[in-house]
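One file, target.tsv, carrying TSV, C-alpha atoms:
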```tsv
chain	number	residue	atom	x	y	z
H	91	MET	CA	-7.83	10.34	7.94
H	92	ARG	CA	-6.70	7.29	9.88
H	93	HIS	CA	-6.63	3.55	9.40
H	94	PHE	CA	-9.70	1.83	10.86
H	95	GLY	CA	-11.26	5.28	11.23
H	96	HIS	CA	-14.49	3.88	9.75
H	97	ILE	CA	-14.88	1.66	12.81
H	98	ALA	CA	-16.81	2.98	15.81
H	99	PRO	CA	-14.61	4.44	18.60
H	100	ALA	CA	-15.85	1.90	21.15
H	101	VAL	CA	-14.86	-0.96	18.86
H	102	ARG	CA	-11.44	0.58	18.17
H	103	LYS	CA	-10.88	0.79	21.92
H	104	ARG	CA	-11.61	-2.93	22.17
H	105	LEU	CA	-9.23	-3.74	19.32
H	106	PHE	CA	-6.25	-1.49	19.92
H	107	TYR	CA	-3.66	-1.13	22.64
H	108	ARG	CA	-2.54	1.98	20.76
H	109	GLU	CA	-4.87	3.33	18.07
H	110	PRO	CA	-3.68	4.35	14.59
H	111	SER	CA	-2.65	7.99	14.37
H	112	VAL	CA	-4.43	10.65	12.33
H	113	PHE	CA	-2.65	11.92	9.22
H	114	THR	CA	-3.45	14.32	6.38
H	115	PRO	CA	-2.14	14.85	2.83
H	116	GLU	CA	0.16	17.48	4.36
H	117	SER	CA	1.76	15.05	6.83
H	118	PRO	CA	5.50	14.29	6.54
H	119	ALA	CA	6.43	12.09	3.59
H	120	ARG	CA	7.89	9.39	5.86
H	121	GLN	CA	4.57	9.00	7.64
H	122	LEU	CA	2.55	9.03	4.41
H	123	SER	CA	4.75	6.44	2.72
H	124	ALA	CA	4.15	4.04	5.61
H	125	ALA	CA	0.44	4.88	5.76
H	126	LEU	CA	-0.41	4.15	2.10
H	127	GLY	CA	-1.66	0.69	3.02
H	128	ALA	CA	-3.82	-0.97	0.40
H	129	THR	CA	-3.73	1.46	-2.53
H	130	LEU	CA	-6.90	0.90	-4.51
H	131	TYR	CA	-6.72	1.39	-8.28
H	132	SER	CA	-9.71	2.59	-10.29
H	133	PRO	CA	-10.05	3.35	-14.02
H	134	ALA	CA	-10.24	7.09	-14.62
H	135	THR	CA	-13.21	6.57	-16.93
H	136	ARG	CA	-15.70	5.55	-14.25
H	137	PRO	CA	-18.73	7.86	-14.65
H	138	ARG	CA	-19.44	8.11	-10.89
H	139	LEU	CA	-15.82	8.25	-9.82
H	140	ALA	CA	-16.33	11.01	-7.26
H	141	ASP	CA	-19.06	9.01	-5.52
H	142	ASP	CA	-16.90	5.87	-5.67
H	143	ILE	CA	-14.01	7.69	-3.98
H	144	VAL	CA	-16.18	8.98	-1.14
H	145	LYS	CA	-17.76	5.54	-0.71
H	146	GLN	CA	-14.42	3.72	-0.54
H	147	ALA	CA	-13.01	6.27	1.91
H	148	GLY	CA	-16.00	5.50	4.13
H	149	ARG	CA	-14.99	1.81	4.02
H	150	GLY	CA	-11.43	2.39	5.17
H	151	VAL	CA	-9.50	3.14	1.96
H	152	VAL	CA	-6.82	5.78	2.58
H	153	SER	CA	-5.06	5.87	-0.81
H	154	MET	CA	-6.37	5.54	-4.36
H	155	VAL	CA	-4.87	5.66	-7.85
H	156	LEU	CA	-7.05	6.90	-10.70
H	157	CYS	CA	-5.61	5.20	-13.74
H	158	LEU	CA	-5.18	6.58	-17.25
H	159	GLU	CA	-2.78	3.83	-18.27
H	160	ASP	CA	-3.22	0.07	-18.64
H	161	SER	CA	-6.66	-0.13	-17.03
H	162	ILE	CA	-8.31	1.81	-19.89
H	163	ASP	CA	-8.34	1.45	-23.65
H	164	ASP	CA	-5.97	3.61	-25.68
H	165	ALA	CA	-8.98	5.21	-27.37
H	166	ASP	CA	-10.42	6.30	-24.00
H	167	VAL	CA	-7.51	8.40	-22.72
H	168	THR	CA	-8.95	11.76	-23.74
H	169	ALA	CA	-12.33	10.88	-22.24
H	170	GLY	CA	-10.58	9.67	-19.09
H	171	GLU	CA	-8.74	12.97	-18.70
H	172	GLU	CA	-11.93	14.94	-19.15
H	173	ASN	CA	-13.71	12.73	-16.64
H	174	LEU	CA	-10.95	13.21	-14.07
H	175	VAL	CA	-11.24	16.98	-14.30
H	176	ARG	CA	-15.02	16.76	-13.87
H	177	GLN	CA	-14.81	14.36	-10.95
H	178	PHE	CA	-12.13	16.34	-9.10
H	179	THR	CA	-14.20	19.47	-9.57
H	180	ALA	CA	-17.21	17.65	-8.13
H	181	LEU	CA	-15.17	16.48	-5.14
H	182	ALA	CA	-13.88	20.00	-4.55
H	183	GLY	CA	-17.52	21.05	-4.22
H	184	ARG	CA	-18.00	18.60	-1.34
H	185	PRO	CA	-15.74	20.13	1.34
H	186	ASP	CA	-17.18	17.98	4.12
H	187	ALA	CA	-16.36	14.69	2.36
H	188	ASP	CA	-13.57	12.57	3.83
H	189	LEU	CA	-11.19	11.71	1.00
H	190	PRO	CA	-8.23	9.37	0.67
H	191	LEU	CA	-4.86	10.33	-0.74
H	192	LEU	CA	-5.48	10.63	-4.48
H	193	PHE	CA	-2.95	9.90	-7.21
H	194	ILE	CA	-3.26	9.85	-11.00
H	195	ARG	CA	-1.49	7.23	-13.07
H	196	VAL	CA	-0.42	8.87	-16.32
H	197	ARG	CA	1.00	7.52	-19.57
H	198	VAL	CA	3.37	10.27	-20.68
H	199	PRO	CA	5.13	13.15	-18.87
H	200	GLU	CA	3.14	15.81	-20.72
H	201	GLN	CA	-0.05	14.68	-19.02
H	202	ILE	CA	1.24	15.80	-15.62
H	203	SER	CA	1.48	19.53	-16.34
H	204	ASP	CA	-1.61	19.45	-18.52
H	205	LEU	CA	-3.78	17.81	-15.88
H	206	VAL	CA	-2.52	20.03	-13.07
H	207	ARG	CA	-3.38	23.08	-15.17
H	208	ARG	CA	-6.84	21.75	-16.09
H	209	LEU	CA	-7.67	20.80	-12.51
H	210	GLY	CA	-7.34	24.40	-11.41
H	211	PRO	CA	-8.27	24.91	-7.73
H	212	ALA	CA	-9.27	21.23	-7.45
H	213	VAL	CA	-5.56	20.33	-7.62
H	214	ARG	CA	-5.56	20.77	-3.83
H	215	LEU	CA	-7.16	17.29	-3.66
H	216	LEU	CA	-4.31	15.67	-5.59
H	217	SER	CA	-1.37	14.08	-3.76
H	218	GLY	CA	0.68	13.10	-6.80
H	219	PHE	CA	1.22	10.90	-9.81
H	220	VAL	CA	2.03	7.25	-10.47
H	221	LEU	CA	4.74	6.90	-13.12
H	222	PRO	CA	4.52	3.76	-15.29
H	223	LYS	CA	7.29	1.49	-16.57
H	224	PHE	CA	9.93	3.46	-14.73
H	225	THR	CA	13.58	3.34	-15.77
H	226	ALA	CA	16.20	6.07	-15.57
H	227	GLU	CA	15.71	6.96	-19.25
H	228	ARG	CA	11.90	6.96	-19.22
H	229	GLY	CA	11.46	8.09	-15.63
H	230	VAL	CA	13.48	11.30	-15.42
H	231	PRO	CA	11.19	13.23	-17.83
H	232	PHE	CA	8.23	12.28	-15.59
H	233	LEU	CA	10.04	13.52	-12.48
H	234	GLU	CA	11.03	16.74	-14.22
H	235	ALA	CA	7.44	17.31	-15.33
H	236	LEU	CA	6.20	16.69	-11.79
H	237	THR	CA	8.67	19.23	-10.39
H	238	THR	CA	7.56	21.82	-12.93
H	239	ALA	CA	3.87	21.17	-12.22
H	240	GLU	CA	4.48	21.41	-8.50
H	241	SER	CA	6.11	24.82	-8.87
H	242	ALA	CA	3.33	26.07	-11.14
H	243	SER	CA	0.53	24.90	-8.85
H	244	GLY	CA	2.06	25.63	-5.47
H	245	ARG	CA	0.90	22.18	-4.41
H	246	ARG	CA	3.23	19.52	-2.98
H	247	LEU	CA	3.07	16.58	-5.39
H	248	PHE	CA	4.58	13.14	-4.87
H	249	ALA	CA	5.74	10.56	-7.39
H	250	MET	CA	5.22	6.81	-7.13
H	251	PRO	CA	7.30	5.14	-9.88
H	252	VAL	CA	6.18	1.68	-10.98
H	253	LEU	CA	8.98	-0.84	-11.50
H	254	GLU	CA	7.62	-3.11	-14.24
H	255	SER	CA	9.83	-2.84	-17.32
H	256	PRO	CA	11.39	-5.86	-19.09
H	257	GLU	CA	14.84	-4.36	-18.58
H	258	LEU	CA	14.34	-4.83	-14.87
H	259	LEU	CA	13.20	-8.41	-15.31
H	260	TYR	CA	15.91	-9.69	-17.66
H	261	ARG	CA	18.99	-10.81	-15.80
H	262	GLU	CA	21.51	-9.29	-18.23
H	263	SER	CA	20.06	-5.78	-17.87
H	264	ARG	CA	18.75	-5.89	-14.31
H	265	VAL	CA	21.72	-4.51	-12.40
H	266	PRO	CA	22.37	-1.49	-14.65
H	267	THR	CA	18.63	-0.79	-14.74
H	268	LEU	CA	18.38	-0.85	-10.95
H	269	GLU	CA	21.44	1.36	-10.66
H	270	GLY	CA	19.85	3.84	-13.05
H	271	VAL	CA	16.55	3.77	-11.18
H	272	PHE	CA	18.33	4.41	-7.90
H	273	HIS	CA	20.23	7.44	-9.22
H	274	ALA	CA	17.04	8.86	-10.76
H	275	VAL	CA	14.88	8.54	-7.64
H	276	ASP	CA	17.71	9.52	-5.31
H	277	LYS	CA	18.01	12.87	-7.11
H	278	TYR	CA	14.30	13.48	-6.48
H	279	ARG	CA	14.18	11.75	-3.09
H	280	ASP	CA	11.98	14.38	-1.46
H	281	ARG	CA	9.31	13.85	-4.12
H	282	VAL	CA	9.36	10.03	-4.32
H	283	LEU	CA	6.80	8.70	-1.85
H	284	ALA	CA	7.11	4.99	-2.66
H	285	LEU	CA	8.18	2.57	-5.36
H	286	ARG	CA	5.53	0.19	-6.66
H	287	LEU	CA	6.12	-3.27	-8.18
H	288	GLY	CA	4.34	-4.19	-11.42
H	289	VAL	CA	4.37	-7.97	-11.12
H	290	THR	CA	1.64	-8.51	-13.74
H	291	ASP	CA	3.92	-6.94	-16.35
H	292	PHE	CA	6.82	-9.10	-15.16
H	293	CYS	CA	4.74	-12.24	-15.63
H	294	SER	CA	3.56	-11.14	-19.07
H	295	SER	CA	7.14	-11.08	-20.36
H	296	TYR	CA	7.20	-14.86	-19.95
H	297	GLY	CA	3.55	-15.63	-20.62
H	298	LEU	CA	2.97	-16.46	-16.94
H	299	ARG	CA	0.06	-15.90	-14.60
H	300	ARG	CA	-0.04	-17.02	-10.99
H	301	GLY	CA	-3.13	-18.88	-9.84
H	302	PRO	CA	-5.21	-18.02	-6.77
H	303	ASP	CA	-3.37	-20.62	-4.70
H	304	MET	CA	0.05	-19.18	-5.54
H	305	THR	CA	1.85	-16.02	-4.46
H	306	ALA	CA	4.25	-13.86	-6.43
H	307	TYR	CA	7.03	-15.50	-4.42
H	308	ASP	CA	6.15	-18.92	-5.89
H	309	ILE	CA	7.01	-17.62	-9.37
H	310	GLN	CA	10.77	-17.77	-9.14
H	311	VAL	CA	11.57	-15.37	-11.97
H	312	VAL	CA	9.35	-12.78	-10.26
H	313	ALA	CA	10.63	-13.54	-6.76
H	314	SER	CA	14.18	-12.90	-7.92
H	315	VAL	CA	13.23	-9.43	-9.17
H	316	ILE	CA	11.50	-8.56	-5.89
H	317	ALA	CA	14.60	-9.65	-3.99
H	318	ASP	CA	16.89	-7.49	-6.13
H	319	VAL	CA	14.58	-4.46	-5.96
H	320	VAL	CA	14.61	-4.65	-2.15
H	321	ASN	CA	18.37	-5.22	-2.21
H	322	PHE	CA	19.03	-2.09	-4.27
H	323	LEU	CA	16.17	0.19	-3.27
H	324	GLY	CA	14.77	-0.94	0.09
H	325	ARG	CA	17.79	-0.78	2.37
H	326	ALA	CA	17.41	0.34	5.97
H	327	ASP	CA	20.59	2.41	6.01
H	328	GLY	CA	18.92	5.68	5.04
H	329	THR	CA	19.37	5.22	1.29
H	330	GLY	CA	16.27	3.09	0.77
H	331	PHE	CA	12.67	3.83	-0.19
H	332	THR	CA	9.32	2.35	0.74
H	333	VAL	CA	8.62	-0.49	-1.71
H	334	THR	CA	5.01	-1.64	-1.94
H	335	GLY	CA	3.70	-5.15	-2.55
H	336	PRO	CA	2.41	-6.39	-5.93
H	337	VAL	CA	-1.21	-6.54	-6.99
H	338	TRP	CA	-3.40	-9.55	-6.15
H	339	GLU	CA	-5.48	-10.34	-9.23
H	340	TYR	CA	-8.30	-12.46	-7.80
H	341	PHE	CA	-11.44	-11.22	-6.11
H	342	ARG	CA	-13.81	-14.13	-5.74
H	343	VAL	CA	-14.07	-13.23	-2.08
H	344	GLN	CA	-16.74	-10.56	-1.69
H	345	GLU	CA	-17.49	-8.66	1.51
H	346	ARG	CA	-21.13	-9.73	1.33
H	347	MET	CA	-20.07	-13.37	1.80
H	348	PHE	CA	-18.79	-12.60	5.30
H	349	LYS	CA	-21.17	-10.01	6.72
H	350	PRO	CA	-23.97	-12.39	7.80
H	351	MET	CA	-21.59	-14.50	9.87
H	352	LEU	CA	-19.86	-11.40	11.28
H	353	ARG	CA	-23.05	-9.97	12.73
H	354	GLN	CA	-22.93	-12.82	15.24
H	355	SER	CA	-20.53	-11.76	18.03
H	356	PRO	CA	-17.38	-11.42	15.91
H	357	PHE	CA	-15.20	-10.89	18.98
H	358	LEU	CA	-16.02	-14.18	20.65
H	359	GLU	CA	-12.98	-16.41	20.60
H	360	VAL	CA	-15.11	-19.35	19.49
H	361	GLN	CA	-15.83	-17.51	16.24
H	362	ALA	CA	-12.18	-17.18	15.30
H	363	VAL	CA	-11.53	-20.70	14.02
H	364	PRO	CA	-14.76	-21.04	12.00
H	365	LEU	CA	-14.20	-17.63	10.48
H	366	ARG	CA	-10.63	-18.40	9.49
H	367	GLU	CA	-11.72	-21.73	7.99
H	368	LYS	CA	-14.39	-19.99	5.93
H	369	LEU	CA	-11.95	-17.34	4.73
H	370	ILE	CA	-9.56	-20.02	3.53
H	371	GLU	CA	-12.41	-22.04	2.04
H	372	HIS	CA	-13.37	-19.01	-0.05
H	373	ALA	CA	-9.89	-18.64	-1.59
H	374	MET	CA	-8.54	-15.83	0.55
H	375	ASP	CA	-5.63	-17.92	1.73
H	376	GLY	CA	-3.44	-17.02	-1.26
H	377	LEU	CA	-3.91	-13.30	-0.65
H	378	LEU	CA	-3.17	-13.63	3.06
H	379	ARG	CA	-0.02	-15.64	2.40
H	380	GLU	CA	1.19	-13.09	-0.14
H	381	ILE	CA	0.60	-10.15	2.21
H	382	SER	CA	2.58	-11.97	4.92
H	383	LEU	CA	5.39	-12.70	2.46
H	384	ASP	CA	5.39	-9.08	1.30
H	385	GLN	CA	6.04	-7.97	4.86
H	386	ALA	CA	8.65	-10.66	5.50
H	387	ASN	CA	10.53	-9.50	2.39
H	388	GLY	CA	10.57	-5.83	3.36
H	389	LEU	CA	7.56	-4.54	1.41
H	390	LEU	CA	4.97	-2.25	2.98
H	391	GLY	CA	1.47	-1.70	1.59
H	392	LYS	CA	0.03	-3.30	-1.52
H	393	THR	CA	-1.48	-2.43	-4.88
H	394	CYS	CA	-5.15	-3.48	-4.92
H	395	ILE	CA	-7.67	-3.71	-7.74
H	396	HIS	CA	-10.71	-4.72	-5.69
H	397	PRO	CA	-12.18	-3.29	-2.47
H	398	SER	CA	-12.32	-6.73	-0.85
H	399	HIS	CA	-8.50	-6.76	-0.70
H	400	VAL	CA	-8.19	-3.57	1.32
H	401	LEU	CA	-9.16	-4.72	4.79
H	402	PRO	CA	-6.98	-7.88	4.78
H	403	VAL	CA	-3.96	-5.73	3.88
H	404	HIS	CA	-4.73	-3.28	6.67
H	405	ALA	CA	-5.56	-5.96	9.24
H	406	LEU	CA	-2.25	-7.73	8.61
H	407	SER	CA	-0.40	-4.41	8.81
H	408	VAL	CA	-1.46	-3.75	12.41
H	409	VAL	CA	1.45	-4.29	14.78
H	410	SER	CA	0.90	-7.03	17.33
H	411	HIS	CA	1.33	-6.28	21.00
H	412	GLU	CA	4.29	-8.68	21.05
H	413	GLU	CA	6.04	-6.94	18.14
H	414	PHE	CA	5.45	-3.56	19.79
H	415	SER	CA	6.83	-4.77	23.10
H	416	ASP	CA	9.98	-6.13	21.44
H	417	ALA	CA	10.52	-2.96	19.39
H	418	GLN	CA	10.16	-0.71	22.42
H	419	ASP	CA	12.60	-2.82	24.45
H	420	ILE	CA	15.19	-2.77	21.66
H	421	LEU	CA	15.00	1.01	21.26
H	422	ARG	CA	15.17	1.99	24.93
H	423	PRO	CA	17.89	4.66	25.38
H	424	GLU	CA	19.76	2.55	27.89
H	425	ARG	CA	20.15	-0.13	25.21
H	426	GLY	CA	22.21	2.18	22.97
H	427	GLY	CA	25.36	0.19	23.59
H	428	GLY	CA	23.89	-3.03	22.25
H	429	GLY	CA	23.61	-6.38	23.93
H	430	VAL	CA	21.07	-9.17	24.06
H	431	LEU	CA	17.90	-9.31	26.14
H	432	ARG	CA	15.07	-11.73	26.62
H	433	SER	CA	11.75	-10.75	25.12
H	434	ALA	CA	9.06	-9.68	27.58
H	435	TYR	CA	7.03	-12.54	26.08
H	436	THR	CA	9.90	-14.88	27.11
H	437	ASN	CA	9.90	-16.65	23.74
H	438	LYS	CA	12.86	-15.10	21.92
H	439	MET	CA	16.09	-13.16	22.28
H	440	ASN	CA	16.25	-9.56	21.05
H	441	GLU	CA	19.67	-8.43	19.85
H	442	VAL	CA	19.75	-4.67	20.15
H	443	LYS	CA	22.09	-3.71	17.33
H	444	PRO	CA	20.99	-6.22	14.63
H	445	HIS	CA	17.28	-5.67	15.38
H	446	ARG	CA	17.38	-1.87	15.67
H	447	ALA	CA	16.35	-1.15	12.06
H	448	TRP	CA	13.49	-3.68	12.36
H	449	ALA	CA	12.36	-2.01	15.58
H	450	GLU	CA	12.38	1.46	14.02
H	451	ARG	CA	10.30	0.26	11.08
H	452	THR	CA	7.93	-1.54	13.42
H	453	LEU	CA	7.28	1.57	15.49
H	454	LEU	CA	6.62	3.60	12.31
H	455	ARG	CA	4.09	0.97	11.23
H	456	ALA	CA	2.62	1.04	14.74
H	457	GLU	CA	2.15	4.80	14.44
H	458	VAL	CA	0.03	4.59	11.29
H	459	PHE	CA	-1.68	1.19	11.67
H	460	GLY	CA	-1.88	0.97	15.44
H	461	VAL	CA	-0.97	-1.73	17.96
H	462	ALA	CA	-3.45	-4.51	18.66
H	463	ASN	CA	-4.45	-5.45	22.18
H	464	GLU	CA	-2.86	-8.62	23.53
H	465	ASP	CA	-5.90	-10.78	22.80
H	466	ILE	CA	-6.59	-9.36	19.34
H	467	GLY	CA	-5.37	-10.92	16.11
H	468	PHE	CA	-5.98	-10.67	12.40
H	469	VAL	CA	-9.36	-12.42	12.48
H	470	GLU	CA	-10.81	-9.99	15.02
H	471	LEU	CA	-9.51	-6.98	13.09
H	472	LEU	CA	-10.93	-8.30	9.82
H	473	ALA	CA	-14.23	-9.18	11.44
H	474	ALA	CA	-14.63	-5.72	12.99
H	475	GLY	CA	-13.94	-4.00	9.69
H	476	LEU	CA	-16.29	-6.13	7.65
H	477	ALA	CA	-19.06	-5.86	10.23
H	478	GLU	CA	-19.23	-2.07	9.85
```

So, in terms of structure tokens, how does the structure I just supplied come out?
Amino acid sequence: MRHFGHIAPAVRKRLFYREPSVFTPESPARQLSAALGATLYSPATRPRLADDIVKQAGRGVVSMVLCLEDSIDDADVTAGEENLVRQFTALAGRPDADLPLLFIRVRVPEQISDLVRRLGPAVRLLSGFVLPKFTAERGVPFLEALTTAESASGRRLFAMPVLESPELLYRESRVPTLEGVFHAVDKYRDRVLALRLGVTDFCSSYGLRRGPDMTAYDIQVVASVIADVVNFLGRADGTGFTVTGPVWEYFRVQERMFKPMLRQSPFLEVQAVPLREKLIEHAMDGLLREISLDQANGLLGKTCIHPSHVLPVHALSVVSHEEFSDAQDILRPERGGGGVLRSAYTNKMNEVKPHRAWAERTLLRAEVFGVANEDIGFVELLAAGLAE
């Protein structure tokens, strides 16, 4: 699989200075954690789930979570488990199908071993589990169960803990909770692919809900948690983890609203301004601002509940030619001693030592999302994806 792999090769050549790399579920964890992109959630009870997975993979989705937790009714858990086993078995019978990374969001630790056993040979399609409401006390049993299931199945399985508990939100318990989370995930570092933020749960603790014109960073009580999570768990000194962006709840913007306009020469520069104006007019501006703020605050990837969110996340994750140029200059071997140099774009100064960690992260993102050509921006990337 690869990002923008659903786009024709000739179009990718037009878009990219360096195309996104190919990766598989067996790729190194560091590469996979950066490549998660827009992780699309789907209730585990969907009757045509296998078909949905194949369809979304064909539209550019590279990671999906099949949810047995908050997205389904308590009374439907047993039916959801049974459906997952059926759907995985059906997918296993379609060896030629291109599939995304697949994760199951469970409710209790016991579900992990039980589902792995019931999946049988189809477990080869599973990349891991999403662990809800993660704290040290509640999370360790999940991680232990995952380790046991991994040994029993012979399949590498990753964990993606969700940070969404009230203890993390409340100021008086936040620091000890974060310390506990760090020690828990650090012990199982090789199995923890990414940490996910459950902002909807944070808001619910105060009866809040952000509108479509607001980002998570406009809700100060939520923004403070994101800052502290990155502070504790997202450091660039080798102790940190990939932290993914929060879910965007609104999906008034449908792909079908754009496709007619995108069939008309989407790469012409004259189309860029009208297209951007129409995107904003149709309430996509809030999502775009939040994705940009996610990246500025050290988050990579995003939880998504609607297919229309996937391409904007991926388009904004592509590294610009300018960013790539700066990162390469900073990391040149001859710059190992530090110093300051003028950007090749002659619009900024690059300080080698302070910007080294940024450059390393940028080149990792460039590997999985690609580097855009000099004349290509977000609008062209979005247009190309939607036009397919």

- Query: Expressed in Å to a single decimal, how great is the separation between atom CA of H:Thr135 and atom CA of H:Ala169?
  - Reply: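 Atom-to-atom, atom CA of H:Thr135 and atom CA of H:Ala169 are spaced 6.9 Å apart.
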
- Could you give me, as a PyMOL selection string, the residues within 10 Å of H:Gly170, counting only C-alpha atoms and dropping anything in the same chain fewer than 6 positions from it? chain H and resi 133-137+156-159+162-163+176

- Distance of atom CA of H:Arg228 from atom CA of H:Phe331, expressed in Å to one decimal place: 19.3 Å

Can you tell me, as JSON, the centre and edge lengths (Å, one decimal) of the axis-aligned box enclosing all of stretch 174-180 of chain H's listed atoms after padding each side by 8 Å?
```
{"center_x": -14.1, "center_y": 16.3, "center_z": -11.2, "size_x": 22.3, "size_y": 22.3, "size_z": 22.2}
```

- Message: At a cut-off of 10 Å, using all atoms listed in the file, what residues contact stretch 409-426 of chain H? Leave out same-chain residues fewer than 4 positions from it and give the result as number ranges by chain.
- Response: H: 106-108, 405, 430-435, 438-468

- Note on the structure: Closest of H:Lys145, H:Arg246, H:Arg208, H:Arg92 to H:Glu172, counting all atoms listed in the file, is H:Arg208

- Query: Quick one: of H:Tyr307, H:Phe113, H:Phe232, H:Phe94, who's nearest to H:Ile381, counting all atoms listed in the file?
  - Reply: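 Distance minimum relative to H:Ile381 lands on H:Tyr307.
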
- Between H:Ala284, H:Phe341, H:Arg149, H:Ile143, single out the one closest to H:Ala474, counting all atoms listed in the file. H:Arg149

- Query: atom CA of H:Phe178 to atom CA of H:Leu215: how many Å, to one decimal?
  - Reply: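 Separation between atom CA of H:Phe178 and atom CA of H:Leu215: 7.4 Å.
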
- Would you mind listing what lies within 12 Å of H:Gly288 as a PyMOL selection string, with only C-alpha atoms counted and same-chain residues fewer than 2 positions away left out? chain H and resi 160+220-224+250-256+258-259+285-286+290-295+306+312+315-316+319+333-339+392-394

Taking C-alpha atoms for each residue, export the selection above as an mmCIF file, in the coordinates of the input.
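The new file again.cif reads:
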```cif
data_model
loop_
_atom_site.group_PDB
_atom_site.id
_atom_site.type_symbol
_atom_site.label_atom_id
_atom_site.label_comp_id
_atom_site.auth_asym_id
_atom_site.auth_seq_id
_atom_site.Cartn_x
_atom_site.Cartn_y
_atom_site.Cartn_z
ATOM 1 C CA ASP H 160 -3.220 0.070 -18.640
ATOM 2 C CA VAL H 220 2.030 7.250 -10.470
ATOM 3 C CA LEU H 221 4.740 6.900 -13.120
ATOM 4 C CA PRO H 222 4.520 3.760 -15.290
ATOM 5 C CA LYS H 223 7.290 1.490 -16.570
ATOM 6 C CA PHE H 224 9.930 3.460 -14.730
ATOM 7 C CA MET H 250 5.220 6.810 -7.130
ATOM 8 C CA PRO H 251 7.300 5.140 -9.880
ATOM 9 C CA VAL H 252 6.180 1.680 -10.980
ATOM 10 C CA LEU H 253 8.980 -0.840 -11.500
ATOM 11 C CA GLU H 254 7.620 -3.110 -14.240
ATOM 12 C CA SER H 255 9.830 -2.840 -17.320
ATOM 13 C CA PRO H 256 11.390 -5.860 -19.090
ATOM 14 C CA LEU H 258 14.340 -4.830 -14.870
ATOM 15 C CA LEU H 259 13.200 -8.410 -15.310
ATOM 16 C CA LEU H 285 8.180 2.570 -5.360
ATOM 17 C CA ARG H 286 5.530 0.190 -6.660
ATOM 18 C CA THR H 290 1.640 -8.510 -13.740
ATOM 19 C CA ASP H 291 3.920 -6.940 -16.350
ATOM 20 C CA PHE H 292 6.820 -9.100 -15.160
ATOM 21 C CA CYS H 293 4.740 -12.240 -15.630
ATOM 22 C CA SER H 294 3.560 -11.140 -19.070
ATOM 23 C CA SER H 295 7.140 -11.080 -20.360
ATOM 24 C CA ALA H 306 4.250 -13.860 -6.430
ATOM 25 C CA VAL H 312 9.350 -12.780 -10.260
ATOM 26 C CA VAL H 315 13.230 -9.430 -9.170
ATOM 27 C CA ILE H 316 11.500 -8.560 -5.890
ATOM 28 C CA VAL H 319 14.580 -4.460 -5.960
ATOM 29 C CA VAL H 333 8.620 -0.490 -1.710
ATOM 30 C CA THR H 334 5.010 -1.640 -1.940
ATOM 31 C CA GLY H 335 3.700 -5.150 -2.550
ATOM 32 C CA PRO H 336 2.410 -6.390 -5.930
ATOM 33 C CA VAL H 337 -1.210 -6.540 -6.990
ATOM 34 C CA TRP H 338 -3.400 -9.550 -6.150
ATOM 35 C CA GLU H 339 -5.480 -10.340 -9.230
ATOM 36 C CA LYS H 392 0.030 -3.300 -1.520
ATOM 37 C CA THR H 393 -1.480 -2.430 -4.880
ATOM 38 C CA CYS H 394 -5.150 -3.480 -4.920
#
```

- Task: Excluding H:Met91 and any residue of its chain fewer than 5 positions from it, enumerate the residues within 10 Å of it, using only C-alpha atoms, and give them as a PyMOL selection string.
- Result: chain H and resi 96+110-115+147+150-152+188-191

- Query: Of the candidates H:Gln177, H:Gln310, H:Asn321, H:Ser123, which one gets nearest to H:Ser217 if we count only C-alpha atoms?
  - Reply: H:Ser123

- Nearest candidate to H:Gly391 (options H:Ala242, H:Leu122, H:Val282, H:Val175; using all atoms listed in the file):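 Looking only at the distances to H:Gly391, the closest residue turns out to be H:Leu122.
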
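The shortest atom-to-atom distance to H:Ser314, with only C-alpha atoms taken into account, belongs to H:Arg261 out of H:Leu209, H:Ala386, H:Arg261, H:Ala239.
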
- Just the residues within 7 Å of stretch 266-272 of chain H, please, counting all atoms listed in the file, with nothing from its chain fewer than 5 positions along; format it as a ChimeraX atom specification. /H:225-226,257-258,322-323

Reconstruct N, CA and C atoms of stretch 195-201 of chain H from the incomplete input and present them as a compact mmCIF listing (two decimals), in the frame of the given file.
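Printed below is out-v3.txt as written:
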```txt
# COMPACT_ATOMS: atom_id res chain seq x y z
N ARG H 195 -2.48 7.99 -12.30
CA ARG H 195 -1.49 7.23 -13.07
C ARG H 195 -1.56 7.70 -14.53
N VAL H 196 -0.47 8.30 -14.98
CA VAL H 196 -0.42 8.87 -16.32
C VAL H 196 0.33 7.94 -17.27
N ARG H 197 0.28 8.29 -18.55
CA ARG H 197 1.00 7.52 -19.57
C ARG H 197 2.29 8.19 -20.02
N VAL H 198 2.22 9.51 -20.18
CA VAL H 198 3.37 10.27 -20.68
C VAL H 198 3.59 11.48 -19.79
N PRO H 199 4.83 12.02 -19.75
CA PRO H 199 5.13 13.15 -18.87
C PRO H 199 4.25 14.37 -19.13
N GLU H 200 3.91 14.61 -20.38
CA GLU H 200 3.14 15.81 -20.72
C GLU H 200 1.78 15.86 -20.03
N GLN H 201 1.25 14.71 -19.68
CA GLN H 201 -0.05 14.68 -19.02
C GLN H 201 0.00 15.33 -17.63
```
